[in-house]
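Below is one structure; the comments refer to it alone.
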Amino acid sequence: MTAGRRSGRDGSGPAGPPPARGAGPSGPPPGHDGARPAAFRRGGRWRDQALALGWLVLTWLLLWGDVTWGNLLGGLVVGAAVLIFFPLPPVTFGGRLRPRALLVLAVTFAGELVSASVRVAAIAVRPGYRPRGAIIAVPLRVRTDLNLALTAEVISLVPGTLIVEVDRDQGVLYAHVLDVRGPRDLTASRDRILAVERRLVRAIGSPAEVRQLRTEPVDRRKNP
Amino acid sequence: MGVLADWLGAACLTAGALLSLAAGIGVLRFPDVLDRMHAATKPQVLGVLLLLAGVALRLRTPSDLGMLALVVVFQLATVPVAAQMVGRAAYRSGRVDRALLDTDELAGR
């Protein structure tokens with residue numbers, strides 16, 4: 001289920017301009033993909049569009065509930081219309097899918113979703129308890145848009161953290177932590193967010209991005 | 001087989017309903033918008049997922065399963081985004097109780 005969503009996102013990704021900028025604020029402006037070879041850009045664009053169309057058709061078929069030629073044709077028409085009239089900035093997927101890492105990601109995600117839900121529910125029904133919170137900044141190691149979006153999405157559903165703000169240029173996530181009792185909780189949340197990023201990149205990142213994981217996260221905020 | 005699925009479905013429905021109830025209590029009781037968003041994302045999403053799993057175990061027809069799978073996917077994909085938008089709007093318009101925050105590394109940004 002989770003795996004399906006992942007790959008779906010890669011194809012029909014709503015998440016903004018091409019990743020692999022890596023040059024930070026001084027790099028090419030968003031949406032400008034002149035850095036890549038023309039042939040790759042063209043091929044990648046068509047492949048992305050075809051993938052997106054495929055997912056849209058699948059969604060259409062699931063909505064109708066049965067597979068007939070009419071539904072297939074209708075899905076193709078509607079999908080093409082959506083892609084033509086509501087174009088999204090391209091999200092190129094430079095990585096590759098690794099089944100075992102994807103499985104690890106999905107299983108940990110399911111486990112953490114359950115434990116997070118139980119924890120928040122327990123805090124909610126505990127009488128007379130007022131949890132304290134904190135907002136922490138977590139610079140990610142892989143600064144592609146896809147990684148930023150997926151990490152933000154996953155950590156909003158796992159224990160203790162919720163995204164408040166995303167600094168796309170610097171690749172920094174600002175997360176709200178629920179029920180903070182001391183500095184140790186903050187460190188733990190930071191580590192957990194970086195662990196989510198690591199699992200994600202191992203599952204769908206390119207080899208270069210996986211190598212990047214070994215580097216220490218740098219605090220790139222302007223005035224830390 | 002059918003009986004087992006029915007019982008499992010009933011268990012899922014009950015658990016999902018309880019989690020949704022806890023989420024509702026959390027939204028009511030938590031002191032702050034950001035805390036409330038925690039309640040509105042995690043237990044709520046799992047509650048809906050369990051309810052849908054319960055319905056799926058009860059219905060067991062392929063076309064319904066496809067529709068339920070779609071609901072699951074869109075829940076997982078949209079709820080965090082919605083929560084982030086609410087939290088961000090609350091933070092930017094200053095409707096966050098700073099007395100409840102231990103640290104705020106977003107301050108002044």
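Just remember, in the structure tokens the first chain shown is A, the second B, etc., residues are 1-based per chain, and ligands are 1-based in the order shown.
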
Can you check which parts of chain A lie within 6 Å of chain B? Per residue, the shortest pair of atoms and distance in Å to one decimal, counting only C-alpha atoms, sorted by chain and number, as JSON lines.
```
{"residue": "A:Leu62", "atom": "CA", "partner": "B:Gly66", "partner_atom": "CA", "distance": 5.1}
{"residue": "A:Leu63", "atom": "CA", "partner": "B:Met67", "partner_atom": "CA", "distance": 5.7}
{"residue": "A:Gly65", "atom": "CA", "partner": "B:Ser63", "partner_atom": "CA", "distance": 4.3}
{"residue": "A:Ser117", "atom": "CA", "partner": "B:Pro43", "partner_atom": "CA", "distance": 4.1}
{"residue": "A:Ala121", "atom": "CA", "partner": "B:Ala22", "partner_atom": "CA", "distance": 5.1}
{"residue": "A:Ala124", "atom": "CA", "partner": "B:Gly26", "partner_atom": "CA", "distance": 4.3}
{"residue": "A:Arg132", "atom": "CA", "partner": "B:Leu100", "partner_atom": "CA", "distance": 5.2}
{"residue": "A:Gly133", "atom": "CA", "partner": "B:Leu101", "partner_atom": "CA", "distance": 4.7}
{"residue": "A:Ala134", "atom": "CA", "partner": "B:Leu101", "partner_atom": "CA", "distance": 4.6}
{"residue": "A:Ile135", "atom": "CA", "partner": "B:Asp104", "partner_atom": "CA", "distance": 4.6}
{"residue": "A:Ile136", "atom": "CA", "partner": "B:Glu105", "partner_atom": "CA", "distance": 5.2}
{"residue": "A:Ala137", "atom": "CA", "partner": "B:Glu105", "partner_atom": "CA", "distance": 5.8}
{"residue": "A:Glu153", "atom": "CA", "partner": "B:Pro80", "partner_atom": "CA", "distance": 5.7}
{"residue": "A:Ser156", "atom": "CA", "partner": "B:Pro80", "partner_atom": "CA", "distance": 5.6}
{"residue": "A:Leu157", "atom": "CA", "partner": "B:Lys42", "partner_atom": "CA", "distance": 5.5}
{"residue": "A:Ile163", "atom": "CA", "partner": "B:Gln84", "partner_atom": "CA", "distance": 5.6}
{"residue": "A:Val164", "atom": "CA", "partner": "B:Arg88", "partner_atom": "CA", "distance": 5.1}
```

Query raised in the report: So, counting only C-alpha atoms, which residue among A:Val142, A:Leu113, A:Trp64, A:Asp167 is closest to B:Leu50?
Result: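 Distance minimum relative to B:Leu50 lands on A:Leu113.
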
Query raised in the report: chain B: which residues are strand (DSSP E) by DSSP, as a PyMOL selection string?
Result: chain B and resi 101-104

Restricted to N, CA and C atoms, what would the selected residues look like written as a CSV table (one decimal), in the first residue's frame?
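Written file, selection_8.csv:
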```
chain,number,residue,atom,x,y,z
B,101,LEU,N,5.7,26.3,24.2
B,101,LEU,CA,6.8,25.8,23.4
B,101,LEU,C,8.1,25.9,24.3
B,102,ASP,N,8.8,24.7,24.3
B,102,ASP,CA,10.1,24.7,25.0
B,102,ASP,C,11.1,25.4,24.2
B,103,THR,N,11.2,25.1,22.9
B,103,THR,CA,12.2,25.7,22.0
B,103,THR,C,11.4,26.1,20.8
B,104,ASP,N,11.9,27.1,20.1
B,104,ASP,CA,11.3,27.5,18.9
B,104,ASP,C,12.3,27.9,17.9
```

Requested in this report: Check the DSSP output for the backbone and give back, as a ChimeraX atom specification, the residues of stretch 62-117 of chain A in alpha helix (DSSP H).
Outcome: /A:62-64,69-85,99-117

N, CA and C atoms of the current selection, written as an mmCIF file, in the first residue's frame:
```cif
data_model
loop_
_atom_site.group_PDB
_atom_site.id
_atom_site.type_symbol
_atom_site.label_atom_id
_atom_site.label_comp_id
_atom_site.auth_asym_id
_atom_site.auth_seq_id
_atom_site.Cartn_x
_atom_site.Cartn_y
_atom_site.Cartn_z
ATOM 1 N N LEU A 62 -10.312 2.476 -10.757
ATOM 2 C CA LEU A 62 -10.679 2.102 -9.393
ATOM 3 C C LEU A 62 -11.930 2.850 -8.956
ATOM 4 N N LEU A 63 -12.058 4.101 -9.400
ATOM 5 C CA LEU A 63 -13.237 4.875 -9.021
ATOM 6 C C LEU A 63 -14.499 4.272 -9.623
ATOM 7 N N TRP A 64 -14.398 3.817 -10.862
ATOM 8 C CA TRP A 64 -15.581 3.225 -11.481
ATOM 9 C C TRP A 64 -15.842 1.813 -10.991
ATOM 10 N N TRP A 69 -13.774 -1.501 -21.644
ATOM 11 C CA TRP A 69 -13.111 -0.667 -22.658
ATOM 12 C C TRP A 69 -13.569 0.781 -22.540
ATOM 13 N N GLY A 70 -14.857 0.950 -22.229
ATOM 14 C CA GLY A 70 -15.372 2.309 -22.079
ATOM 15 C C GLY A 70 -14.677 3.060 -20.954
ATOM 16 N N ASN A 71 -14.522 2.386 -19.804
ATOM 17 C CA ASN A 71 -13.852 3.040 -18.684
ATOM 18 C C ASN A 71 -12.405 3.350 -19.015
ATOM 19 N N LEU A 72 -11.754 2.391 -19.682
ATOM 20 C CA LEU A 72 -10.348 2.587 -20.046
ATOM 21 C C LEU A 72 -10.205 3.811 -20.941
ATOM 22 N N LEU A 73 -11.081 3.897 -21.929
ATOM 23 C CA LEU A 73 -11.036 5.024 -22.863
ATOM 24 C C LEU A 73 -11.341 6.336 -22.131
ATOM 25 N N GLY A 74 -12.391 6.283 -21.303
ATOM 26 C CA GLY A 74 -12.744 7.477 -20.527
ATOM 27 C C GLY A 74 -11.591 7.925 -19.648
ATOM 28 N N GLY A 75 -10.937 6.958 -18.998
ATOM 29 C CA GLY A 75 -9.795 7.284 -18.144
ATOM 30 C C GLY A 75 -8.681 7.936 -18.928
ATOM 31 N N LEU A 76 -8.406 7.396 -20.120
ATOM 32 C CA LEU A 76 -7.345 7.971 -20.947
ATOM 33 C C LEU A 76 -7.675 9.408 -21.317
ATOM 34 N N VAL A 77 -8.944 9.648 -21.714
ATOM 35 C CA VAL A 77 -9.345 11.002 -22.117
ATOM 36 C C VAL A 77 -9.240 11.965 -20.933
ATOM 37 N N VAL A 78 -9.823 11.551 -19.793
ATOM 38 C CA VAL A 78 -9.797 12.436 -18.622
ATOM 39 C C VAL A 78 -8.357 12.673 -18.158
ATOM 40 N N GLY A 79 -7.569 11.577 -18.105
ATOM 41 C CA GLY A 79 -6.179 11.710 -17.670
ATOM 42 C C GLY A 79 -5.397 12.651 -18.559
ATOM 43 N N ALA A 80 -5.564 12.484 -19.874
ATOM 44 C CA ALA A 80 -4.851 13.366 -20.809
ATOM 45 C C ALA A 80 -5.303 14.806 -20.613
ATOM 46 N N ALA A 81 -6.616 15.006 -20.426
ATOM 47 C CA ALA A 81 -7.114 16.369 -20.229
ATOM 48 C C ALA A 81 -6.515 16.981 -18.963
ATOM 49 N N VAL A 82 -6.454 16.178 -17.881
ATOM 50 C CA VAL A 82 -5.874 16.697 -16.629
ATOM 51 C C VAL A 82 -4.424 17.098 -16.851
ATOM 52 N N LEU A 83 -3.679 16.220 -17.558
ATOM 53 C CA LEU A 83 -2.260 16.506 -17.748
ATOM 54 C C LEU A 83 -2.050 17.727 -18.644
ATOM 55 N N ILE A 84 -2.965 17.922 -19.603
ATOM 56 C CA ILE A 84 -2.787 19.044 -20.526
ATOM 57 C C ILE A 84 -3.236 20.356 -19.887
ATOM 58 N N PHE A 85 -4.378 20.320 -19.216
ATOM 59 C CA PHE A 85 -4.932 21.585 -18.706
ATOM 60 C C PHE A 85 -4.401 21.961 -17.334
ATOM 61 N N PRO A 99 13.357 -3.017 -3.654
ATOM 62 C CA PRO A 99 12.230 -3.690 -2.997
ATOM 63 C C PRO A 99 12.439 -3.924 -1.510
ATOM 64 N N ARG A 100 13.649 -4.377 -1.131
ATOM 65 C CA ARG A 100 13.827 -4.719 0.274
ATOM 66 C C ARG A 100 13.749 -3.468 1.147
ATOM 67 N N ALA A 101 14.406 -2.389 0.699
ATOM 68 C CA ALA A 101 14.370 -1.145 1.468
ATOM 69 C C ALA A 101 12.953 -0.573 1.498
ATOM 70 N N LEU A 102 12.225 -0.771 0.391
ATOM 71 C CA LEU A 102 10.833 -0.302 0.360
ATOM 72 C C LEU A 102 10.002 -1.040 1.395
ATOM 73 N N LEU A 103 10.269 -2.342 1.504
ATOM 74 C CA LEU A 103 9.534 -3.144 2.478
ATOM 75 C C LEU A 103 9.851 -2.664 3.891
ATOM 76 N N VAL A 104 11.150 -2.437 4.149
ATOM 77 C CA VAL A 104 11.554 -1.914 5.466
ATOM 78 C C VAL A 104 10.822 -0.614 5.743
ATOM 79 N N LEU A 105 10.797 0.264 4.742
ATOM 80 C CA LEU A 105 10.131 1.557 4.893
ATOM 81 C C LEU A 105 8.656 1.375 5.216
ATOM 82 N N ALA A 106 8.001 0.494 4.458
ATOM 83 C CA ALA A 106 6.556 0.312 4.644
ATOM 84 C C ALA A 106 6.256 -0.273 6.015
ATOM 85 N N VAL A 107 7.050 -1.292 6.412
ATOM 86 C CA VAL A 107 6.768 -1.938 7.694
ATOM 87 C C VAL A 107 7.033 -0.974 8.846
ATOM 88 N N THR A 108 8.174 -0.265 8.808
ATOM 89 C CA THR A 108 8.448 0.693 9.888
ATOM 90 C C THR A 108 7.387 1.764 9.918
ATOM 91 N N PHE A 109 6.964 2.198 8.726
ATOM 92 C CA PHE A 109 5.946 3.244 8.667
ATOM 93 C C PHE A 109 4.663 2.775 9.337
ATOM 94 N N ALA A 110 4.249 1.552 9.005
ATOM 95 C CA ALA A 110 3.007 1.034 9.604
ATOM 96 C C ALA A 110 3.149 0.952 11.117
ATOM 97 N N GLY A 111 4.290 0.427 11.572
ATOM 98 C CA GLY A 111 4.508 0.306 13.011
ATOM 99 C C GLY A 111 4.492 1.657 13.696
ATOM 100 N N GLU A 112 5.184 2.619 13.086
ATOM 101 C CA GLU A 112 5.266 3.933 13.723
ATOM 102 C C GLU A 112 3.922 4.639 13.682
ATOM 103 N N LEU A 113 3.153 4.405 12.618
ATOM 104 C CA LEU A 113 1.816 5.023 12.563
ATOM 105 C C LEU A 113 0.957 4.528 13.719
ATOM 106 N N VAL A 114 1.038 3.213 13.974
ATOM 107 C CA VAL A 114 0.250 2.660 15.077
ATOM 108 C C VAL A 114 0.732 3.224 16.406
ATOM 109 N N SER A 115 2.065 3.190 16.649
ATOM 110 C CA SER A 115 2.539 3.650 17.955
ATOM 111 C C SER A 115 2.275 5.137 18.119
ATOM 112 N N ALA A 116 2.403 5.914 17.042
ATOM 113 C CA ALA A 116 2.133 7.346 17.138
ATOM 114 C C ALA A 116 0.679 7.589 17.496
ATOM 115 N N SER A 117 -0.208 6.855 16.835
ATOM 116 C CA SER A 117 -1.635 7.067 17.077
ATOM 117 C C SER A 117 -1.989 6.726 18.508
#
```

Requested in this report: For atom CA of B:Ser93 and atom CA of A:Pro139, quote the distance in Å rounded to one decimal.
Outcome: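 For atom CA of B:Ser93 relative to atom CA of A:Pro139, the distance reads 24.2 Å.
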
Query raised in the report: Counting only C-alpha atoms, what is within 9 Å of A:Arg168, bar same-chain residues fewer than 5 positions away, as a count of residues only?
Result: 5

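Between atom CA of A:Ala50 and atom CA of A:Gly205 there is a distance of 20.9 Å.
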